[in-house]
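In what follows, a single structure is set out as structure tokens and then discussed.
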Amino acid sequence: MGFAVWVEDEAGPYQTVPYPGESWQPEGHPVRQPHEYIRNGTAKMLTFFHPTIGEVRVKGVTQSTNAVLHPWIKEQVGEILKTLPEKALLDEETNRQLWKEWQACRNGFPWQKNFRLCACY
């Protein structure tokens, strides 16, 4: 029995304009931007990561509100589900045995035989 584990994250904000490295300005006198400088806002990065195989799905966005995030998650989960193999139905006896094993282990240490423990922070 296996699980398809994917992790979702939003990273950022990142500046949308390139910026140089360290400056040669005297200490206490930072470089100033000209009055024509346009900041251009910030960008964020949405990611889906599969830790077992290292696959990453990425989308750059200017905001990560629920109106942007939820449709993207639905789209990605739909694509992921299409790639998963069809789950075989278990006969009643096997299903009951797995259920008993799960009940016996759920309050103890991580399951060793058929399950993997996934901790998310």
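Every chain in the structure tokens takes a letter, A first, then B, and so on in the order presented; its residues are numbered from 1, and the ligands are numbered from 1 following the presented order.
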Open item on the list: List the spatial neighbours of region 46-61 of chain A as number ranges by chain - criterion: any atom at most 12 Å away, only C-alpha atoms, same-chain residues fewer than 5 positions off excluded.
Closed with: A: 2-14, 16, 41, 67-77, 79-80, 116, 118
